[in-house]
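Pasting work37.cif here (mmCIF, C-alpha atoms):
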data_query
#
loop_
_atom_site.label_atom_id
_atom_site.label_comp_id
_atom_site.auth_asym_id
_atom_site.auth_seq_id
_atom_site.Cartn_x
_atom_site.Cartn_y
_atom_site.Cartn_z
CA MET S 235 -31.68 13.28 -7.12
CA LEU S 236 -28.60 11.50 -8.43
CA ILE S 237 -25.46 13.66 -8.34
CA THR S 238 -22.21 12.74 -10.06
CA PHE S 239 -19.08 14.60 -9.02
CA ILE S 240 -16.38 14.70 -11.68
CA GLY S 241 -13.33 15.28 -9.53
CA GLY S 242 -12.85 14.35 -5.90
CA GLY S 243 -10.70 17.21 -4.63
CA ASN S 244 -11.16 19.46 -1.61
CA MET S 245 -14.17 21.40 -2.86
CA ALA S 246 -15.98 18.28 -4.01
CA THR S 247 -15.23 16.68 -0.64
CA ALA S 248 -16.63 19.72 1.17
CA LEU S 249 -19.88 19.59 -0.83
CA ILE S 250 -20.25 15.84 -0.42
CA SER S 251 -19.65 16.15 3.33
CA GLY S 252 -22.41 18.75 3.58
CA LEU S 253 -24.80 16.65 1.51
CA VAL S 254 -24.38 13.44 3.51
CA ASN S 255 -24.28 15.03 6.99
CA PRO S 256 -27.08 14.71 7.93
CA PRO S 257 -28.09 11.98 5.47
CA ARG S 258 -30.73 12.95 2.90
CA ALA S 259 -32.81 10.06 1.61
CA HIS S 260 -33.62 11.75 -1.70
CA LEU S 261 -29.95 12.17 -2.65
CA LYS S 262 -27.60 9.65 -4.22
CA ILE S 263 -23.98 10.55 -4.89
CA ARG S 264 -21.34 9.17 -7.21
CA VAL S 265 -17.76 10.36 -7.67
CA CYS S 266 -15.45 9.99 -10.65
CA ASP S 267 -11.73 10.61 -10.13
CA PRO S 268 -8.67 9.18 -11.89
CA THR S 269 -6.70 8.91 -8.66
CA GLU S 270 -7.11 5.75 -6.60
CA MET S 271 -6.14 7.58 -3.41
CA ALA S 272 -8.97 10.09 -3.89
CA ARG S 273 -11.49 7.39 -4.73
CA SER S 274 -10.48 5.29 -1.74
CA HIS S 275 -10.73 8.26 0.62
CA LEU S 276 -14.23 9.17 -0.61
CA ARG S 277 -15.45 5.56 -0.47
CA ASP S 278 -14.15 5.09 3.06
CA THR S 279 -15.30 8.47 4.35
CA PHE S 280 -18.72 8.83 2.76
CA ASN S 281 -19.60 5.34 1.56
CA VAL S 282 -20.25 6.55 -1.99
CA PRO S 283 -19.64 4.60 -5.21
CA THR S 284 -16.62 5.78 -7.18
CA PHE S 285 -15.71 5.51 -10.86
CA VAL S 286 -12.71 5.91 -13.13
CA ASP S 287 -14.76 6.21 -16.35
CA SER S 288 -16.58 9.56 -16.52
CA VAL S 289 -19.06 8.33 -19.13
CA GLU S 290 -20.17 5.49 -16.88
CA ALA S 291 -20.32 7.83 -13.89
CA VAL S 292 -22.69 10.37 -15.49
CA GLU S 293 -25.13 7.79 -16.84
CA GLY S 294 -28.56 8.60 -15.40
CA ALA S 295 -27.32 11.49 -13.23
CA ASP S 296 -29.64 14.42 -12.63
CA VAL S 297 -26.72 16.75 -11.87
CA ILE S 298 -23.11 16.51 -13.04
CA VAL S 299 -20.82 18.57 -10.82
CA LEU S 300 -17.68 19.62 -12.69
CA ALA S 301 -15.28 19.83 -9.74
CA VAL S 302 -11.97 19.86 -11.60
CA LYS S 303 -9.20 22.42 -12.01
CA PRO S 304 -9.65 24.88 -14.89
CA GLN S 305 -6.69 23.45 -16.82
CA THR S 306 -8.24 19.98 -16.61
CA MET S 307 -11.68 21.05 -17.79
CA PRO S 308 -11.08 20.78 -21.58
CA ALA S 309 -10.08 17.12 -21.30
CA VAL S 310 -13.03 16.35 -19.01
CA LEU S 311 -15.51 18.03 -21.34
CA ALA S 312 -14.00 16.22 -24.33
CA SER S 313 -14.56 12.89 -22.55
CA LEU S 314 -18.20 13.82 -21.91
CA HIS S 315 -18.92 15.03 -25.45
CA GLY S 316 -21.99 13.21 -26.74
CA HIS S 317 -22.72 11.59 -23.38
CA VAL S 318 -24.56 14.40 -21.54
CA LYS S 319 -28.28 13.93 -22.08
CA PRO S 320 -31.06 16.53 -22.30
CA GLY S 321 -32.32 17.38 -18.83
CA GLN S 322 -29.01 16.71 -17.09
CA LEU S 323 -27.68 19.77 -15.26
CA LEU S 324 -23.99 20.63 -15.44
CA LEU S 325 -22.86 22.50 -12.31
CA SER S 326 -19.37 23.93 -12.71
CA ILE S 327 -17.26 25.00 -9.74
CA ALA S 328 -14.14 25.67 -11.84
CA ALA S 329 -12.76 29.21 -11.75
CA GLY S 330 -12.77 31.15 -15.01
CA ILE S 331 -14.66 28.54 -17.06
CA THR S 332 -17.55 30.24 -18.84
CA ILE S 333 -20.96 28.77 -19.54
CA SER S 334 -20.51 29.23 -23.30
CA SER S 335 -17.18 27.37 -23.27
CA ILE S 336 -18.83 24.39 -21.57
CA GLU S 337 -21.70 24.40 -24.07
CA GLN S 338 -19.33 24.70 -27.03
CA ALA S 339 -17.12 21.87 -25.80
CA LEU S 340 -20.09 19.55 -25.41
CA GLY S 341 -21.42 20.43 -28.85
CA GLU S 342 -25.05 21.11 -27.94
CA ASP S 343 -27.25 23.39 -25.85
CA HIS S 344 -27.11 22.12 -22.29
CA SER S 345 -28.37 23.24 -18.91
CA VAL S 346 -25.37 24.79 -17.17
CA VAL S 347 -24.90 26.60 -13.87
CA ARG S 348 -21.57 28.29 -13.20
CA SER S 349 -20.51 28.81 -9.61
CA MET S 350 -17.58 30.19 -7.63
CA PRO S 351 -17.36 28.72 -4.11
CA ASN S 352 -14.58 29.64 -1.68
CA THR S 353 -12.39 27.65 0.66
CA PRO S 354 -14.40 28.25 3.89
CA ALA S 355 -16.81 25.78 2.29
CA LEU S 356 -14.42 23.16 3.67
CA ILE S 357 -15.78 23.92 7.15
CA GLY S 358 -19.36 24.66 6.09
CA HIS S 359 -18.98 28.45 6.14
CA GLY S 360 -18.42 29.20 2.48
CA ILE S 361 -20.27 31.55 0.19
CA THR S 362 -20.81 30.80 -3.48
CA GLY S 363 -21.59 33.14 -6.35
CA VAL S 364 -23.83 31.42 -8.89
CA THR S 365 -25.11 32.29 -12.36
CA PRO S 366 -27.46 30.22 -14.56
CA GLY S 367 -27.01 29.52 -18.25
CA PRO S 368 -29.73 30.36 -20.79
CA HIS S 369 -31.04 26.80 -20.92
CA CYS S 370 -31.22 26.30 -17.15
CA GLN S 371 -34.72 25.56 -15.84
CA ALA S 372 -36.18 26.76 -12.54
CA HIS S 373 -36.05 23.30 -10.94
CA GLN S 374 -32.41 22.98 -12.00
CA ARG S 375 -31.58 26.23 -10.24
CA GLY S 376 -33.13 24.62 -7.18
CA GLN S 377 -30.97 21.52 -7.63
CA ALA S 378 -27.80 23.62 -7.90
CA GLU S 379 -28.76 25.69 -4.87
CA GLU S 380 -29.44 22.63 -2.71
CA ILE S 381 -25.98 21.24 -3.53
CA LEU S 382 -24.14 24.50 -2.91
CA LEU S 383 -26.06 25.40 0.26
CA SER S 384 -24.59 22.27 1.83
CA ALA S 385 -21.31 24.19 2.23
CA GLY S 386 -22.54 27.69 3.10
CA GLU S 387 -24.49 30.57 1.60
CA VAL S 388 -25.43 31.15 -2.04
CA VAL S 389 -25.68 34.44 -3.98
CA TRP S 390 -27.34 34.34 -7.42
CA LEU S 391 -26.14 36.63 -10.21
CA GLU S 392 -28.05 36.99 -13.47
CA ASP S 393 -25.07 38.58 -15.25
CA GLU S 394 -22.26 36.07 -15.79
CA SER S 395 -19.71 38.86 -16.30
CA MET S 396 -19.97 39.59 -12.57
CA MET S 397 -18.42 36.20 -11.78
CA ASP S 398 -14.94 37.66 -12.26
CA ALA S 399 -15.68 40.15 -9.47
CA VAL S 400 -17.02 37.33 -7.29
CA THR S 401 -13.77 35.44 -7.89
CA ALA S 402 -11.76 38.52 -6.87
CA ILE S 403 -13.74 39.11 -3.66
CA SER S 404 -14.99 35.85 -2.19
CA GLY S 405 -12.95 33.36 -4.21
CA THR S 406 -9.62 35.08 -3.54
CA GLY S 407 -10.78 36.85 -0.37
CA PRO S 408 -9.77 34.14 2.12
CA ALA S 409 -6.14 34.64 1.05
CA TYR S 410 -6.42 38.35 1.87
CA PHE S 411 -7.76 37.40 5.28
CA PHE S 412 -5.00 34.85 5.87
CA LEU S 413 -2.41 37.44 4.88
CA LEU S 414 -3.86 39.91 7.38
CA THR S 415 -3.68 37.24 10.11
CA GLU S 416 -0.11 36.42 9.12
CA ALA S 417 0.86 40.11 9.19
CA LEU S 418 -0.76 40.64 12.61
CA ALA S 419 1.11 37.66 14.02
CA ALA S 420 4.40 38.95 12.59
CA ALA S 421 3.73 42.39 14.09
CA ALA S 422 3.01 40.79 17.46
CA ARG S 423 6.39 39.07 17.37
CA GLU S 424 8.10 42.35 16.49
CA LEU S 425 6.40 43.90 19.53
CA GLY S 426 7.95 41.23 21.74
CA LEU S 427 5.18 38.66 22.18
CA PRO S 428 6.12 34.96 22.16
CA GLY S 429 5.45 33.19 18.86
CA GLU S 430 2.66 30.91 20.07
CA THR S 431 0.91 33.79 21.82
CA ALA S 432 1.32 36.02 18.75
CA ASP S 433 -0.23 33.40 16.46
CA ARG S 434 -3.16 32.75 18.78
CA LEU S 435 -3.91 36.42 19.37
CA ALA S 436 -3.89 37.13 15.63
CA ALA S 437 -5.98 34.09 14.70
CA MET S 438 -8.67 34.53 17.33
CA THR S 439 -8.87 38.29 16.80
CA CYS S 440 -9.53 37.79 13.10
CA PHE S 441 -11.92 34.92 13.79
CA GLY S 442 -13.91 36.95 16.31
CA ALA S 443 -14.04 40.07 14.13
CA GLY S 444 -15.15 38.00 11.13
CA ALA S 445 -17.91 36.39 13.18
CA MET S 446 -19.08 39.83 14.32
CA VAL S 447 -19.31 41.11 10.74
CA ALA S 448 -21.11 37.96 9.58
CA THR S 449 -23.71 38.01 12.37
CA SER S 450 -24.24 41.72 13.02
CA PRO S 451 -27.04 43.66 11.27
CA ASP S 452 -24.61 46.59 11.02
CA GLU S 453 -22.13 47.11 8.21
CA ALA S 454 -18.40 46.75 8.72
CA VAL S 455 -17.91 50.51 8.60
CA GLU S 456 -20.24 50.95 11.59
CA LEU S 457 -18.54 48.19 13.58
CA ARG S 458 -15.19 49.81 12.89
CA ARG S 459 -16.52 53.19 14.01
CA ARG S 460 -17.66 51.75 17.33
CA VAL S 461 -14.22 50.39 18.21
CA THR S 462 -12.38 53.53 17.08
CA SER S 463 -12.37 55.89 20.05
CA PRO S 464 -11.24 59.47 19.34
CA GLY S 465 -7.61 59.88 20.35
CA GLY S 466 -7.26 56.17 21.12
CA THR S 467 -5.00 53.38 19.97
CA THR S 468 -7.31 52.15 17.21
CA GLU S 469 -7.63 55.62 15.75
CA ALA S 470 -3.84 55.90 15.59
CA ALA S 471 -3.65 52.61 13.68
CA MET S 472 -6.51 53.53 11.32
CA LYS S 473 -4.94 56.88 10.46
CA LEU S 474 -1.67 55.22 9.50
CA LEU S 475 -3.41 52.61 7.33
CA GLU S 476 -5.34 55.37 5.60
CA GLN S 477 -2.16 57.38 4.99
CA LYS S 478 -0.46 54.30 3.51
CA GLY S 479 -3.36 53.76 1.10
CA PHE S 480 -4.72 50.53 2.57
CA ASN S 481 -8.13 50.79 0.82
CA GLN S 482 -6.58 51.63 -2.53
CA MET S 483 -4.16 48.73 -2.20
CA MET S 484 -7.03 46.31 -1.53
CA LEU S 485 -8.88 47.66 -4.58
CA GLN S 486 -5.82 47.12 -6.73
CA ALA S 487 -5.40 43.58 -5.42
CA ALA S 488 -9.05 42.78 -6.21
CA GLN S 489 -8.69 44.29 -9.66
CA ALA S 490 -5.62 42.12 -10.32
CA ALA S 491 -7.55 38.99 -9.30
CA CYS S 492 -10.54 40.04 -11.42
CA ASN S 493 -8.34 40.63 -14.45
CA ARG S 494 -6.68 37.25 -14.02
CA SER S 495 -10.10 35.58 -13.84
CA ARG S 496 -11.00 37.20 -17.17
CA GLU S 497 -7.71 35.98 -18.67
CA LEU S 498 -8.48 32.42 -17.55
CA ALA S 499 -11.90 32.66 -19.16
CA LEU S 500 -10.32 33.70 -22.44
CA GLY S 501 -7.89 30.79 -22.26
#
Before we go any further, please render this structure as C-alpha cells.
Amino acid sequence: MLITFIGGGNMATALISGLVNPPRAHLKIRVCDPTEMARSHLRDTFNVPTFVDSVEAVEGADVIVLAVKPQTMPAVLASLHGHVKPGQLLLSIAAGITISSIEQALGEDHSVVRSMPNTPALIGHGITGVTPGPHCQAHQRGQAEEILLSAGEVVWLEDESMMDAVTAISGTGPAYFFLLTEALAAAARELGLPGETADRLAAMTCFGAGAMVATSPDEAVELRRRVTSPGGTTEAAMKLLEQKGFNQMMLQAAQAACNRSRELALG
C-alpha cells in the first residue's frame, strides 16, 4: 500500500512514526509539504521520499492522507482537482471538513474517509473517530483503519453528524485534561507545596488516574465511588465540585466545542 501524506505536521508525523515502527514491508510512504524544514525532518527521521508538488506526490498512491489545517484544505483540494483517480482513498484528518465538501471540491464522486484523531496520538495513545463516505469500499475502510491504528484506537461512526461530538470530546478533550492538571498544580502551590513538587504530584496523579480508567473494566463512576469514602477528604471535594456545577460546566464546554466544529464545517 502506497500512502501519500499531504502535510507533514505533528499529526502526520505521529501516524508516520507508528507506521514505520516497526517497519512494515507492505507499506510505502511519501510526504508532500511546502516547507523545507518539515520535509528535511521527515526525510532524516523516517527515510521517506518528500515532495513539494502535490500532484506528483499523489500519483499512484492507494491512500492520500489530507493532514493539513482546515483553513489550508480548500487550496490543497484545488491543487488536487482532476488528479485524484478512481480507487484512490482520501483520508482526511482535518477538523470540521465534511466528506461532501471534499467531494465537491474535487468535482467527482471519490472514496473519502473523515477522521478526528487527538493529540495523544503523538505518543501512540490516541483515539480517532472515523466515518466513511458513501463511495468508500470495505477494503478502503481497512486501509484507513490500519493507518489510524498506528497511533492508537479507532472508533467507527456511520453517522457523520456525530463527528462534531467526537471533536468536542476526544479532539478537544486533552485540553480539558491539561487544564485540570494545571489547576491541580496551582492548588498545590496555594496549599504550600513547592512548585516542582506541585507539578509532579498533579501530573502523575492525572496520568495514573487516566491509566486506571483506560485499563479498568469498570466505568469512571465506579472508580470514583471506590475512592470516595463516606465522611472523608474525597467526599468533601466531590460535594463542593457538585455544588459549583462541575458536570454542567463540562457539558457546556463540550457543547461550545461541538458548536464551533459545526461552524467550521459550514465555513
Looking at S:Ala499, S:Leu314, S:Ile298, S:Ala436, which one is nearest to Ser395 (chain S), with distances taken over only C-alpha atoms?
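Nearest to Ser395 (chain S): S:Ala499.
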Which residue, S:Ala328, S:Ala309, S:Leu276, S:Met235, has the smallest gap to Ala259 (chain S) when you use only C-alpha atoms?
S:Met235
For the atom pair CA of Ile361 (chain S) and CA of Ala385 (chain S), what is the interatomic distance in Å to one decimal place?
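Result for CA of Ile361 (chain S) versus CA of Ala385 (chain S): 7.7 Å, one decimal.
One distance worth recording is that between CA of Val299 (chain S) and CA of Leu323 (chain S), which is 8.3 Å.
In this model, the gap between CA of Ala437 (chain S) and CA of Phe412 (chain S) comes to 8.9 Å.
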Shortest contact to Arg264 (chain S), candidates S:Glu497, S:Glu337, S:Glu453, S:Glu290, atoms counted all atoms listed in the file, goes to S:Glu290
Please evaluate the PyMOL selection byres ((chain S and resi 369-378) around 7) against the displayed coordinates and give the resulting residues as a PyMOL selection string.
chain S and resi 323+325+344-346+366-368+379-382
Applying 8 Å and only C-alpha atoms, which residues near Gly242 (chain S) remain after dropping the ones on its own chain fewer than 4 positions away? List them as a short mmCIF file (atom, residue, chain, number, x, y, z; two decimals) with C-alpha atoms, keeping the file's coordinate frame.
data_model
loop_
_atom_site.label_atom_id
_atom_site.label_comp_id
_atom_site.auth_asym_id
_atom_site.auth_seq_id
_atom_site.Cartn_x
_atom_site.Cartn_y
_atom_site.Cartn_z
CA ALA S 246 -15.98 18.28 -4.01
CA THR S 247 -15.23 16.68 -0.64
CA VAL S 265 -17.76 10.36 -7.67
CA CYS S 266 -15.45 9.99 -10.65
CA ASP S 267 -11.73 10.61 -10.13
CA ALA S 272 -8.97 10.09 -3.89
CA ARG S 273 -11.49 7.39 -4.73
CA LEU S 276 -14.23 9.17 -0.61
CA ALA S 301 -15.28 19.83 -9.74
CA VAL S 302 -11.97 19.86 -11.60
#
Contacts of region 399-411 of chain S within 6 Å, all atoms listed in the file, excl. fewer than 5 positions in-chain, as a PDB file with C-alpha atoms, keeping the file's coordinate frame:
ATOM      1  CA  ASN S 352     -14.580  29.640  -1.680  1.00  0.00           C
ATOM      2  CA  ALA S 488      -9.050  42.780  -6.210  1.00  0.00           C
ATOM      3  CA  ALA S 491      -7.550  38.990  -9.300  1.00  0.00           C
ATOM      4  CA  CYS S 492     -10.540  40.040 -11.420  1.00  0.00           C
TER       5      CYS S 492
END
Kindly resolve the PyMOL selection byres ((chain S and resi 283) around 10) on the present coordinates and return the residues as a PyMOL selection string.
chain S and resi 238+262-266+273-274+276-278+280-282+284-285+291
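Proximity ranking of S:Val292, S:Leu414, S:Ala355, S:Val318 relative to Cys440 (chain S) places S:Leu414 first, based on all atoms listed in the file.
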I want to know what sits within 10 Å of Ala421 (chain S), based on all atoms listed in the file, with residues of the same chain fewer than 6 positions away left out; could you give that as a compact mmCIF listing (two decimals) with C-alpha atoms, in the frame of the given file?
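So the final result, stored in around_33.txt, reads:
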# COMPACT_ATOMS: atom_id res chain seq x y z
CA THR S 415 -3.68 37.24 10.11
CA LEU S 427 5.18 38.66 22.18
CA ALA S 432 1.32 36.02 18.75
CA ALA S 436 -3.89 37.13 15.63
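The smallest atom-to-atom distance between Ile240 (chain S) and any of S:Met271, S:Leu457, S:Leu253, S:Ile327, using all atoms listed in the file, is found for S:Ile327.
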Got a sec: who's within 10 Å of Asp433 (chain S), counting only C-alpha atoms, leaving out chain neighbours fewer than 3 positions off, as a ChimeraX atom specification?
/S:415-420,422-423,427-430,436-439
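Using all atoms listed in the file, the residues found no farther than 7 Å from region 329-334 of chain S, other than those of its own chain fewer than 4 positions away, are Pro304, Gln338, Val346, Arg348, Met350, Gly367, Ser495, Arg496, Leu498 and Ala499 of chain S.
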Around the point (-31.0, 15.4, -18.1) in the file's coordinates, collect all residues with an atom within 8 Å, using only C-alpha atoms, and return them as a PDB file with C-alpha atoms, in the coordinates of the input.
ATOM      1  CA  GLY S 294     -28.560   8.600 -15.400  1.00  0.00           C
ATOM      2  CA  ALA S 295     -27.320  11.490 -13.230  1.00  0.00           C
ATOM      3  CA  ASP S 296     -29.640  14.420 -12.630  1.00  0.00           C
ATOM      4  CA  VAL S 297     -26.720  16.750 -11.870  1.00  0.00           C
ATOM      5  CA  VAL S 318     -24.560  14.400 -21.540  1.00  0.00           C
ATOM      6  CA  LYS S 319     -28.280  13.930 -22.080  1.00  0.00           C
ATOM      7  CA  PRO S 320     -31.060  16.530 -22.300  1.00  0.00           C
ATOM      8  CA  GLY S 321     -32.320  17.380 -18.830  1.00  0.00           C
ATOM      9  CA  GLN S 322     -29.010  16.710 -17.090  1.00  0.00           C
ATOM     10  CA  LEU S 323     -27.680  19.770 -15.260  1.00  0.00           C
TER      11      LEU S 323
END
As a CSV table (one decimal), in the frame of the given file, the rebuilt region 396-416 of chain S with N, CA, C and O atoms:
chain,number,residue,atom,x,y,z
S,396,MET,N,-20.3,39.2,-14.0
S,396,MET,CA,-20.0,39.6,-12.6
S,396,MET,C,-19.2,38.5,-11.8
S,396,MET,O,-18.7,38.7,-10.7
S,397,MET,N,-19.1,37.3,-12.5
S,397,MET,CA,-18.4,36.2,-11.8
S,397,MET,C,-16.9,36.5,-11.6
S,397,MET,O,-16.3,36.0,-10.6
S,398,ASP,N,-16.3,37.3,-12.4
S,398,ASP,CA,-14.9,37.7,-12.3
S,398,ASP,C,-14.8,38.5,-11.0
S,398,ASP,O,-13.8,38.3,-10.3
S,399,ALA,N,-15.7,39.4,-10.7
S,399,ALA,CA,-15.7,40.2,-9.5
S,399,ALA,C,-15.9,39.3,-8.3
S,399,ALA,O,-15.3,39.4,-7.2
S,400,VAL,N,-16.8,38.3,-8.4
S,400,VAL,CA,-17.0,37.3,-7.3
S,400,VAL,C,-15.7,36.6,-7.0
S,400,VAL,O,-15.3,36.4,-5.8
S,401,THR,N,-15.0,36.1,-8.1
S,401,THR,CA,-13.8,35.4,-7.9
S,401,THR,C,-12.8,36.3,-7.1
S,401,THR,O,-12.1,35.8,-6.2
S,402,ALA,N,-12.7,37.6,-7.5
S,402,ALA,CA,-11.8,38.5,-6.9
S,402,ALA,C,-12.1,38.8,-5.4
S,402,ALA,O,-11.2,39.1,-4.6
S,403,ILE,N,-13.4,38.8,-5.0
S,403,ILE,CA,-13.7,39.1,-3.7
S,403,ILE,C,-13.9,37.9,-2.8
S,403,ILE,O,-13.1,37.7,-1.8
S,404,SER,N,-14.8,37.0,-3.1
S,404,SER,CA,-15.0,35.8,-2.2
S,404,SER,C,-14.1,34.7,-2.5
S,404,SER,O,-13.7,33.9,-1.7
S,405,GLY,N,-13.8,34.5,-3.8
S,405,GLY,CA,-13.0,33.4,-4.2
S,405,GLY,C,-11.5,33.6,-3.7
S,405,GLY,O,-10.9,32.7,-3.1
S,406,THR,N,-11.0,34.8,-4.0
S,406,THR,CA,-9.6,35.1,-3.5
S,406,THR,C,-9.6,35.6,-2.1
S,406,THR,O,-8.5,35.6,-1.5
S,407,GLY,N,-10.7,36.1,-1.7
S,407,GLY,CA,-10.8,36.8,-0.4
S,407,GLY,C,-10.2,36.1,0.8
S,407,GLY,O,-9.5,36.8,1.7
S,408,PRO,N,-10.4,34.8,1.0
S,408,PRO,CA,-9.8,34.1,2.1
S,408,PRO,C,-8.3,34.3,2.2
S,408,PRO,O,-7.7,34.4,3.3
S,409,ALA,N,-7.6,34.4,1.0
S,409,ALA,CA,-6.1,34.6,1.0
S,409,ALA,C,-5.8,36.0,1.6
S,409,ALA,O,-4.8,36.2,2.3
S,410,TYR,N,-6.6,37.0,1.3
S,410,TYR,CA,-6.4,38.4,1.9
S,410,TYR,C,-6.5,38.3,3.4
S,410,TYR,O,-5.7,38.9,4.1
S,411,PHE,N,-7.5,37.5,3.8
S,411,PHE,CA,-7.8,37.4,5.3
S,411,PHE,C,-6.6,36.7,6.0
S,411,PHE,O,-6.1,37.1,7.0
S,412,PHE,N,-6.1,35.6,5.3
S,412,PHE,CA,-5.0,34.8,5.9
S,412,PHE,C,-3.7,35.7,5.9
S,412,PHE,O,-3.0,35.6,6.9
S,413,LEU,N,-3.6,36.5,4.9
S,413,LEU,CA,-2.4,37.4,4.9
S,413,LEU,C,-2.5,38.4,6.0
S,413,LEU,O,-1.5,38.7,6.7
S,414,LEU,N,-3.7,39.0,6.3
S,414,LEU,CA,-3.9,39.9,7.4
S,414,LEU,C,-3.5,39.2,8.7
S,414,LEU,O,-2.8,39.8,9.6
S,415,THR,N,-4.0,38.0,8.9
S,415,THR,CA,-3.7,37.2,10.1
S,415,THR,C,-2.2,37.0,10.2
S,415,THR,O,-1.6,37.2,11.3
S,416,GLU,N,-1.6,36.6,9.1
S,416,GLU,CA,-0.1,36.4,9.1
S,416,GLU,C,0.6,37.7,9.5
S,416,GLU,O,1.6,37.7,10.3
